[in-house]
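Visitor: Structure below; questions to follow.
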Amino acid sequence: QVQLAESGGGLVQAGGSLRLSCAVSGTDFSIRTMGWYRQAPGKQRELVATITSGGSTNLANPVKARFTISRDNANNMVYLQMNDLKPEDTAVYYCHTYFGAFRRDYWGQGTQVTVSS
């Protein structure tokens with residue numbers, strides 16, 4: 001059973017930092033591409049960052065200069081370091097992976113990030 005569990009969200013002032021963590025179990029983590037998505041109220045879920053099994057990263061333009069995605073294959077963890085947070089970063093952040101012949105998606109329960117101005 002694949003499980004993704006996010007933690008690290010909270011309330012922070014604009015300009016502050018947070019580090020989100022995602023613990024993954026039930027799959028061969030080291031070979032999975034992992035991602036972070038976010039969904040703000042009234043908006044569609046959007047991709048924030050991805051990291052491949054080899055460590056190649058991709059970040060969405062709005063966060064490219066401020067966020068960093070990383071992974072720890074020894075501990076089945078993926079992280080999102082968020083610096084210089086802005087009110088528009090307020091959203092529920094979800095950890096994600098996919099695999100299988102039909103590219104099944106797996107999601108965590110989400111963690112709330114609120115940035116006050």
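Going through the structure tokens in order, the chains are called A, B, and so on, while each chain numbers its residues from 1 and the ligands are numbered from 1 in the order shown.
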Using only C-alpha atoms, what does the table of stretch 32-78 of chain A residues within 10 Å of stretch 89-109 of chain A look like, with each row giving the shortest atom pair and its distance in Å to one decimal, sorted by chain and ascending number, as a tab-separated table?
Guide:
```
residue	atom	partner	partner_atom	distance
A:Arg32	CA	A:Thr97	CA	6.8
A:Thr33	CA	A:Thr97	CA	6.2
A:Met34	CA	A:Thr97	CA	4.9
A:Gly35	CA	A:His96	CA	5.0
A:Trp36	CA	A:Cys95	CA	4.7
A:Tyr37	CA	A:Tyr94	CA	5.1
A:Arg38	CA	A:Tyr93	CA	4.2
A:Gln39	CA	A:Ala91	CA	5.2
A:Ala40	CA	A:Ala91	CA	4.2
A:Pro41	CA	A:Ala91	CA	7.0
A:Lys43	CA	A:Ala91	CA	9.5
A:Arg45	CA	A:Val92	CA	9.0
A:Glu46	CA	A:Tyr93	CA	9.5
A:Leu47	CA	A:Tyr94	CA	9.4
A:Val48	CA	A:Tyr93	CA	8.8
A:Ala49	CA	A:Cys95	CA	9.8
A:Thr50	CA	A:His96	CA	8.9
A:Pro62	CA	A:Asp89	CA	9.1
A:Val63	CA	A:Asp89	CA	8.7
A:Val78	CA	A:Cys95	CA	8.3
```
Visitor: Please save N, CA, C and O atoms of the selected residues as a JSON list (two decimals), in the first residue's frame.
Guide:
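As a result, out-v5.json now contains:
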```
[["chain", "number", "residue", "atom", "x", "y", "z"],
["A", 32, "ARG", "N", 11.45, 6.42, -8.10],
["A", 32, "ARG", "CA", 10.25, 7.21, -8.40],
["A", 32, "ARG", "C", 10.57, 8.68, -8.62],
["A", 32, "ARG", "O", 11.35, 9.28, -7.87],
["A", 33, "THR", "N", 9.95, 9.25, -9.62],
["A", 33, "THR", "CA", 9.92, 10.71, -9.73],
["A", 33, "THR", "C", 8.91, 11.22, -8.70],
["A", 33, "THR", "O", 7.79, 10.72, -8.61],
["A", 34, "MET", "N", 9.34, 12.19, -7.92],
["A", 34, "MET", "CA", 8.49, 12.76, -6.87],
["A", 34, "MET", "C", 8.17, 14.21, -7.21],
["A", 34, "MET", "O", 8.95, 14.90, -7.88],
["A", 35, "GLY", "N", 7.02, 14.65, -6.72],
["A", 35, "GLY", "CA", 6.64, 16.03, -7.00],
["A", 35, "GLY", "C", 5.88, 16.66, -5.85],
["A", 35, "GLY", "O", 5.39, 15.97, -4.95],
["A", 36, "TRP", "N", 5.86, 17.97, -5.89],
["A", 36, "TRP", "CA", 5.02, 18.77, -4.99],
["A", 36, "TRP", "C", 4.05, 19.57, -5.86],
["A", 36, "TRP", "O", 4.47, 20.20, -6.85],
["A", 37, "TYR", "N", 2.80, 19.54, -5.45],
["A", 37, "TYR", "CA", 1.76, 20.34, -6.08],
["A", 37, "TYR", "C", 1.13, 21.21, -5.00],
["A", 37, "TYR", "O", 1.30, 20.96, -3.81],
["A", 38, "ARG", "N", 0.39, 22.22, -5.44],
["A", 38, "ARG", "CA", -0.35, 23.03, -4.48],
["A", 38, "ARG", "C", -1.70, 23.41, -5.06],
["A", 38, "ARG", "O", -1.87, 23.49, -6.29],
["A", 39, "GLN", "N", -2.63, 23.65, -4.15],
["A", 39, "GLN", "CA", -3.96, 24.07, -4.56],
["A", 39, "GLN", "C", -4.45, 25.17, -3.63],
["A", 39, "GLN", "O", -4.61, 24.95, -2.43],
["A", 40, "ALA", "N", -4.64, 26.34, -4.21],
["A", 40, "ALA", "CA", -5.17, 27.47, -3.46],
["A", 40, "ALA", "C", -6.69, 27.45, -3.55],
["A", 40, "ALA", "O", -7.27, 26.87, -4.47],
["A", 41, "PRO", "N", -7.37, 28.10, -2.60],
["A", 41, "PRO", "CA", -8.84, 28.11, -2.61],
["A", 41, "PRO", "C", -9.38, 28.66, -3.93],
["A", 41, "PRO", "O", -8.94, 29.71, -4.41],
["A", 43, "LYS", "N", -8.92, 27.57, -6.86],
["A", 43, "LYS", "CA", -8.03, 27.39, -8.01],
["A", 43, "LYS", "C", -7.74, 25.92, -8.25],
["A", 43, "LYS", "O", -7.92, 25.08, -7.37],
["A", 45, "ARG", "N", -5.37, 22.63, -8.89],
["A", 45, "ARG", "CA", -4.10, 22.15, -8.37],
["A", 45, "ARG", "C", -3.02, 22.39, -9.42],
["A", 45, "ARG", "O", -3.24, 22.13, -10.61],
["A", 46, "GLU", "N", -1.87, 22.88, -8.99],
["A", 46, "GLU", "CA", -0.79, 23.19, -9.92],
["A", 46, "GLU", "C", 0.52, 22.58, -9.46],
["A", 46, "GLU", "O", 0.77, 22.41, -8.27],
["A", 47, "LEU", "N", 1.34, 22.27, -10.46],
["A", 47, "LEU", "CA", 2.65, 21.70, -10.18],
["A", 47, "LEU", "C", 3.58, 22.77, -9.62],
["A", 47, "LEU", "O", 3.66, 23.88, -10.15],
["A", 48, "VAL", "N", 4.29, 22.41, -8.56],
["A", 48, "VAL", "CA", 5.27, 23.30, -7.96],
["A", 48, "VAL", "C", 6.69, 22.87, -8.32],
["A", 48, "VAL", "O", 7.51, 23.68, -8.77],
["A", 49, "ALA", "N", 6.99, 21.58, -8.12],
["A", 49, "ALA", "CA", 8.35, 21.11, -8.35],
["A", 49, "ALA", "C", 8.35, 19.60, -8.51],
["A", 49, "ALA", "O", 7.48, 18.91, -7.97],
["A", 50, "THR", "N", 9.33, 19.11, -9.27],
["A", 50, "THR", "CA", 9.53, 17.67, -9.40],
["A", 50, "THR", "C", 11.02, 17.35, -9.25],
["A", 50, "THR", "O", 11.89, 18.21, -9.49],
["A", 62, "PRO", "N", 6.90, 30.55, -11.03],
["A", 62, "PRO", "CA", 6.65, 31.45, -9.88],
["A", 62, "PRO", "C", 7.51, 31.16, -8.65],
["A", 62, "PRO", "O", 7.64, 32.03, -7.79],
["A", 63, "VAL", "N", 8.08, 29.98, -8.56],
["A", 63, "VAL", "CA", 8.83, 29.61, -7.36],
["A", 63, "VAL", "C", 10.28, 29.30, -7.64],
["A", 63, "VAL", "O", 11.05, 29.01, -6.72],
["A", 78, "VAL", "N", 11.10, 13.18, 0.68],
["A", 78, "VAL", "CA", 11.27, 14.27, -0.28],
["A", 78, "VAL", "C", 10.91, 15.56, 0.44],
["A", 78, "VAL", "O", 10.02, 15.57, 1.30]]
```
Visitor: Find the residues around A:Asn83 up to 12 Å (only C-alpha atoms counted), leave out those fewer than 6 positions away in its own chain, and share them as a list of chain:residue names.
Guide: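 So the residues in contact are A:Val12, A:Gln13, A:Ala14, A:Gly15, A:Gly16, A:Ser17, A:Leu18, A:Arg19, A:Leu20, A:Val63, A:Lys64, A:Ala65, A:Arg66, A:Phe67, A:Thr68, A:Ile69, A:Asp89, A:Val115.
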Visitor: Could those selected residues go to a file with N, CA, C and O atoms, as a PDB file, in the first residue's frame?
Guide:
```
ATOM      1  N   VAL A  12       3.091  31.520   8.329  1.00  0.00           N
ATOM      2  CA  VAL A  12       4.359  32.247   8.317  1.00  0.00           C
ATOM      3  C   VAL A  12       4.114  33.623   7.718  1.00  0.00           C
ATOM      4  O   VAL A  12       3.210  33.801   6.891  1.00  0.00           O
ATOM      5  N   GLN A  13       4.912  34.582   8.126  1.00  0.00           N
ATOM      6  CA  GLN A  13       4.814  35.926   7.557  1.00  0.00           C
ATOM      7  C   GLN A  13       5.507  35.987   6.208  1.00  0.00           C
ATOM      8  O   GLN A  13       6.439  35.209   5.932  1.00  0.00           O
ATOM      9  N   ALA A  14       5.070  36.910   5.393  1.00  0.00           N
ATOM     10  CA  ALA A  14       5.720  37.113   4.100  1.00  0.00           C
ATOM     11  C   ALA A  14       7.211  37.342   4.299  1.00  0.00           C
ATOM     12  O   ALA A  14       7.625  38.049   5.223  1.00  0.00           O
ATOM     13  N   GLY A  15       7.996  36.721   3.436  1.00  0.00           N
ATOM     14  CA  GLY A  15       9.439  36.781   3.546  1.00  0.00           C
ATOM     15  C   GLY A  15      10.042  35.657   4.367  1.00  0.00           C
ATOM     16  O   GLY A  15      11.269  35.480   4.371  1.00  0.00           O
ATOM     17  N   GLY A  16       9.205  34.899   5.038  1.00  0.00           N
ATOM     18  CA  GLY A  16       9.682  33.799   5.861  1.00  0.00           C
ATOM     19  C   GLY A  16       9.929  32.528   5.071  1.00  0.00           C
ATOM     20  O   GLY A  16       9.804  32.504   3.832  1.00  0.00           O
ATOM     21  N   SER A  17      10.286  31.479   5.798  1.00  0.00           N
ATOM     22  CA  SER A  17      10.641  30.195   5.179  1.00  0.00           C
ATOM     23  C   SER A  17       9.910  29.056   5.875  1.00  0.00           C
ATOM     24  O   SER A  17       9.581  29.135   7.061  1.00  0.00           O
ATOM     25  N   LEU A  18       9.679  28.016   5.103  1.00  0.00           N
ATOM     26  CA  LEU A  18       9.147  26.756   5.631  1.00  0.00           C
ATOM     27  C   LEU A  18       9.810  25.619   4.874  1.00  0.00           C
ATOM     28  O   LEU A  18      10.184  25.780   3.702  1.00  0.00           O
ATOM     29  N   ARG A  19       9.904  24.474   5.525  1.00  0.00           N
ATOM     30  CA  ARG A  19      10.393  23.273   4.867  1.00  0.00           C
ATOM     31  C   ARG A  19       9.341  22.192   4.995  1.00  0.00           C
ATOM     32  O   ARG A  19       9.018  21.761   6.110  1.00  0.00           O
ATOM     33  N   LEU A  20       8.811  21.762   3.875  1.00  0.00           N
ATOM     34  CA  LEU A  20       7.849  20.678   3.849  1.00  0.00           C
ATOM     35  C   LEU A  20       8.576  19.355   3.673  1.00  0.00           C
ATOM     36  O   LEU A  20       9.575  19.273   2.958  1.00  0.00           O
ATOM     37  N   VAL A  63       8.081  29.975  -8.558  1.00  0.00           N
ATOM     38  CA  VAL A  63       8.826  29.606  -7.360  1.00  0.00           C
ATOM     39  C   VAL A  63      10.283  29.303  -7.638  1.00  0.00           C
ATOM     40  O   VAL A  63      11.048  29.010  -6.716  1.00  0.00           O
ATOM     41  N   LYS A  64      10.695  29.376  -8.875  1.00  0.00           N
ATOM     42  CA  LYS A  64      12.011  28.886  -9.294  1.00  0.00           C
ATOM     43  C   LYS A  64      13.148  29.509  -8.500  1.00  0.00           C
ATOM     44  O   LYS A  64      14.133  28.839  -8.183  1.00  0.00           O
ATOM     45  N   ALA A  65      13.053  30.771  -8.196  1.00  0.00           N
ATOM     46  CA  ALA A  65      14.155  31.448  -7.512  1.00  0.00           C
ATOM     47  C   ALA A  65      14.064  31.333  -5.998  1.00  0.00           C
ATOM     48  O   ALA A  65      14.980  31.762  -5.284  1.00  0.00           O
ATOM     49  N   ARG A  66      12.971  30.733  -5.483  1.00  0.00           N
ATOM     50  CA  ARG A  66      12.731  30.767  -4.038  1.00  0.00           C
ATOM     51  C   ARG A  66      12.613  29.379  -3.400  1.00  0.00           C
ATOM     52  O   ARG A  66      12.865  29.236  -2.196  1.00  0.00           O
ATOM     53  N   PHE A  67      12.196  28.385  -4.175  1.00  0.00           N
ATOM     54  CA  PHE A  67      11.961  27.044  -3.630  1.00  0.00           C
ATOM     55  C   PHE A  67      13.034  26.074  -4.123  1.00  0.00           C
ATOM     56  O   PHE A  67      13.582  26.231  -5.214  1.00  0.00           O
ATOM     57  N   THR A  68      13.272  25.049  -3.312  1.00  0.00           N
ATOM     58  CA  THR A  68      14.191  23.975  -3.684  1.00  0.00           C
ATOM     59  C   THR A  68      13.551  22.644  -3.328  1.00  0.00           C
ATOM     60  O   THR A  68      13.029  22.482  -2.221  1.00  0.00           O
ATOM     61  N   ILE A  69      13.608  21.694  -4.261  1.00  0.00           N
ATOM     62  CA  ILE A  69      13.138  20.341  -3.986  1.00  0.00           C
ATOM     63  C   ILE A  69      14.348  19.436  -3.848  1.00  0.00           C
ATOM     64  O   ILE A  69      15.335  19.571  -4.585  1.00  0.00           O
ATOM     65  N   ASP A  89       1.641  32.300  -2.204  1.00  0.00           N
ATOM     66  CA  ASP A  89       2.059  30.911  -2.008  1.00  0.00           C
ATOM     67  C   ASP A  89       1.098  30.164  -1.081  1.00  0.00           C
ATOM     68  O   ASP A  89       1.239  28.944  -0.897  1.00  0.00           O
ATOM     69  N   VAL A 115       0.548  32.148   4.223  1.00  0.00           N
ATOM     70  CA  VAL A 115       1.519  33.231   4.287  1.00  0.00           C
ATOM     71  C   VAL A 115       0.761  34.534   4.492  1.00  0.00           C
ATOM     72  O   VAL A 115      -0.052  34.925   3.656  1.00  0.00           O
TER      73      VAL A 115
END
```
Visitor: Nearest residue to A:Asp28 out of A:Leu4, A:Gly9, A:Gly42, A:Asn73, using only C-alpha atoms?
Guide: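 For A:Asp28, the nearest of the given residues is A:Asn73.
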Visitor: Just list as a PyMOL selection string whatever in chain A DSSP marks as strand (DSSP E).
Guide: chain A and resi 3-7+10-13+18-25+34-39+46-51+57-59+67-72+77-82+91-99+104-107+111-116
Visitor: What is the distance between atom CA of A:Ser21 and atom CA of A:Asp72, in Å to one decimal?
Guide: 10.5 Å
Visitor: Could you give me, as a ChimeraX atom specification, the residues within 9 Å of A:Gly55, counting only C-alpha atoms and dropping anything in the same chain fewer than 4 positions from it?
Guide: /A:33,51,70-71
Visitor: Suppose you want the space between atom CA of A:Glu6 and atom CA of A:Val113; what is it in Å?
Guide: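 Between these atoms lies a distance of 11.5 Å.
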Visitor: Looking at A:Ser7, A:Asn76, A:Leu59, A:Lys86, which one is nearest to A:Gly26, with distances taken over only C-alpha atoms?
Guide: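 That would be A:Asn76, the residue with the smallest distance to A:Gly26.
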Visitor: Considering only C-alpha atoms, can you say which of A:Ser53, A:Val2, A:Gln44, A:Gly10 comes closest to A:Thr27?
Guide: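 Between A:Ser53, A:Val2, A:Gln44, A:Gly10, the residue approaching A:Thr27 most closely is A:Val2.
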Visitor: Which residues in chain A does DSSP call helix (DSSP H, G or I)? List them as a list in words.
Guide: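 Selecting the helix (DSSP H, G or I) positions of chain A gives Phe29, Ser30, Ile31, Asn61, Pro62, Val63, Pro87, Glu88 and Asp89 of chain A.
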Visitor: Dump all heavy atoms for the selected residues as a PDB file, in the first residue's frame?
Guide:
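The resulting file, again_13.pdb, is reproduced below:
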```pdb
ATOM      1  N   PHE A  29      11.006   3.722  -3.462  1.00  0.00           N
ATOM      2  CA  PHE A  29      11.099   5.177  -3.525  1.00  0.00           C
ATOM      3  C   PHE A  29      12.228   5.644  -4.437  1.00  0.00           C
ATOM      4  O   PHE A  29      12.078   6.616  -5.171  1.00  0.00           O
ATOM      5  CB  PHE A  29      11.311   5.726  -2.117  1.00  0.00           C
ATOM      6  CG  PHE A  29      11.538   7.199  -2.053  1.00  0.00           C
ATOM      7  CD1 PHE A  29      10.468   8.084  -2.092  1.00  0.00           C
ATOM      8  CD2 PHE A  29      12.824   7.719  -1.948  1.00  0.00           C
ATOM      9  CE1 PHE A  29      10.668   9.451  -2.037  1.00  0.00           C
ATOM     10  CE2 PHE A  29      13.038   9.088  -1.886  1.00  0.00           C
ATOM     11  CZ  PHE A  29      11.949   9.959  -1.931  1.00  0.00           C
ATOM     12  N   SER A  30      13.349   4.965  -4.388  1.00  0.00           N
ATOM     13  CA  SER A  30      14.550   5.469  -5.064  1.00  0.00           C
ATOM     14  C   SER A  30      14.386   5.585  -6.572  1.00  0.00           C
ATOM     15  O   SER A  30      15.120   6.329  -7.215  1.00  0.00           O
ATOM     16  CB  SER A  30      15.755   4.587  -4.737  1.00  0.00           C
ATOM     17  OG  SER A  30      15.575   3.288  -5.266  1.00  0.00           O
ATOM     18  N   ILE A  31      13.429   4.870  -7.154  1.00  0.00           N
ATOM     19  CA  ILE A  31      13.278   4.919  -8.610  1.00  0.00           C
ATOM     20  C   ILE A  31      12.123   5.800  -9.047  1.00  0.00           C
ATOM     21  O   ILE A  31      11.848   5.919 -10.245  1.00  0.00           O
ATOM     22  CB  ILE A  31      13.115   3.510  -9.219  1.00  0.00           C
ATOM     23  CG1 ILE A  31      11.798   2.870  -8.771  1.00  0.00           C
ATOM     24  CG2 ILE A  31      14.303   2.628  -8.865  1.00  0.00           C
ATOM     25  CD1 ILE A  31      11.492   1.568  -9.510  1.00  0.00           C
ATOM     26  N   ASN A  61       7.815  28.319 -12.711  1.00  0.00           N
ATOM     27  CA  ASN A  61       8.392  29.662 -12.816  1.00  0.00           C
ATOM     28  C   ASN A  61       8.120  30.555 -11.592  1.00  0.00           C
ATOM     29  O   ASN A  61       9.034  31.265 -11.149  1.00  0.00           O
ATOM     30  CB  ASN A  61       7.897  30.340 -14.089  1.00  0.00           C
ATOM     31  CG  ASN A  61       8.583  29.794 -15.331  1.00  0.00           C
ATOM     32  OD1 ASN A  61       9.701  29.277 -15.263  1.00  0.00           O
ATOM     33  ND2 ASN A  61       7.918  29.888 -16.464  1.00  0.00           N
ATOM     34  N   PRO A  62       6.903  30.549 -11.029  1.00  0.00           N
ATOM     35  CA  PRO A  62       6.649  31.450  -9.883  1.00  0.00           C
ATOM     36  C   PRO A  62       7.513  31.164  -8.653  1.00  0.00           C
ATOM     37  O   PRO A  62       7.637  32.027  -7.788  1.00  0.00           O
ATOM     38  CB  PRO A  62       5.172  31.211  -9.585  1.00  0.00           C
ATOM     39  CG  PRO A  62       4.591  30.674 -10.842  1.00  0.00           C
ATOM     40  CD  PRO A  62       5.678  29.842 -11.435  1.00  0.00           C
ATOM     41  N   VAL A  63       8.081  29.975  -8.558  1.00  0.00           N
ATOM     42  CA  VAL A  63       8.826  29.606  -7.360  1.00  0.00           C
ATOM     43  C   VAL A  63      10.283  29.303  -7.638  1.00  0.00           C
ATOM     44  O   VAL A  63      11.048  29.010  -6.716  1.00  0.00           O
ATOM     45  CB  VAL A  63       8.178  28.385  -6.658  1.00  0.00           C
ATOM     46  CG1 VAL A  63       6.701  28.634  -6.404  1.00  0.00           C
ATOM     47  CG2 VAL A  63       8.371  27.117  -7.461  1.00  0.00           C
ATOM     48  N   PRO A  87       2.317  35.934   0.020  1.00  0.00           N
ATOM     49  CA  PRO A  87       0.907  35.567   0.271  1.00  0.00           C
ATOM     50  C   PRO A  87       0.321  34.690  -0.829  1.00  0.00           C
ATOM     51  O   PRO A  87      -0.510  33.820  -0.539  1.00  0.00           O
ATOM     52  CB  PRO A  87       0.210  36.930   0.343  1.00  0.00           C
ATOM     53  CG  PRO A  87       1.270  37.855   0.866  1.00  0.00           C
ATOM     54  CD  PRO A  87       2.547  37.372   0.234  1.00  0.00           C
ATOM     55  N   GLU A  88       0.771  34.875  -2.061  1.00  0.00           N
ATOM     56  CA  GLU A  88       0.248  34.063  -3.159  1.00  0.00           C
ATOM     57  C   GLU A  88       0.734  32.615  -3.112  1.00  0.00           C
ATOM     58  O   GLU A  88       0.275  31.782  -3.890  1.00  0.00           O
ATOM     59  CB  GLU A  88       0.584  34.679  -4.517  1.00  0.00           C
ATOM     60  CG  GLU A  88       2.042  35.026  -4.720  1.00  0.00           C
ATOM     61  CD  GLU A  88       2.361  36.480  -4.398  1.00  0.00           C
ATOM     62  OE1 GLU A  88       1.822  37.024  -3.401  1.00  0.00           O
ATOM     63  OE2 GLU A  88       3.171  37.065  -5.146  1.00  0.00           O
ATOM     64  N   ASP A  89       1.641  32.300  -2.204  1.00  0.00           N
ATOM     65  CA  ASP A  89       2.059  30.911  -2.008  1.00  0.00           C
ATOM     66  C   ASP A  89       1.098  30.164  -1.081  1.00  0.00           C
ATOM     67  O   ASP A  89       1.239  28.944  -0.897  1.00  0.00           O
ATOM     68  CB  ASP A  89       3.471  30.848  -1.406  1.00  0.00           C
ATOM     69  CG  ASP A  89       4.532  31.400  -2.341  1.00  0.00           C
ATOM     70  OD1 ASP A  89       4.473  31.097  -3.551  1.00  0.00           O
ATOM     71  OD2 ASP A  89       5.424  32.134  -1.856  1.00  0.00           O
TER      72      ASP A  89
END
```
Visitor: Tell me, in Å to one decimal, how far atom CA of A:Ser56 is from atom CA of A:Thr111.
Guide: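 If I compute the distance from atom CA of A:Ser56 to atom CA of A:Thr111, I get 24.1 Å.
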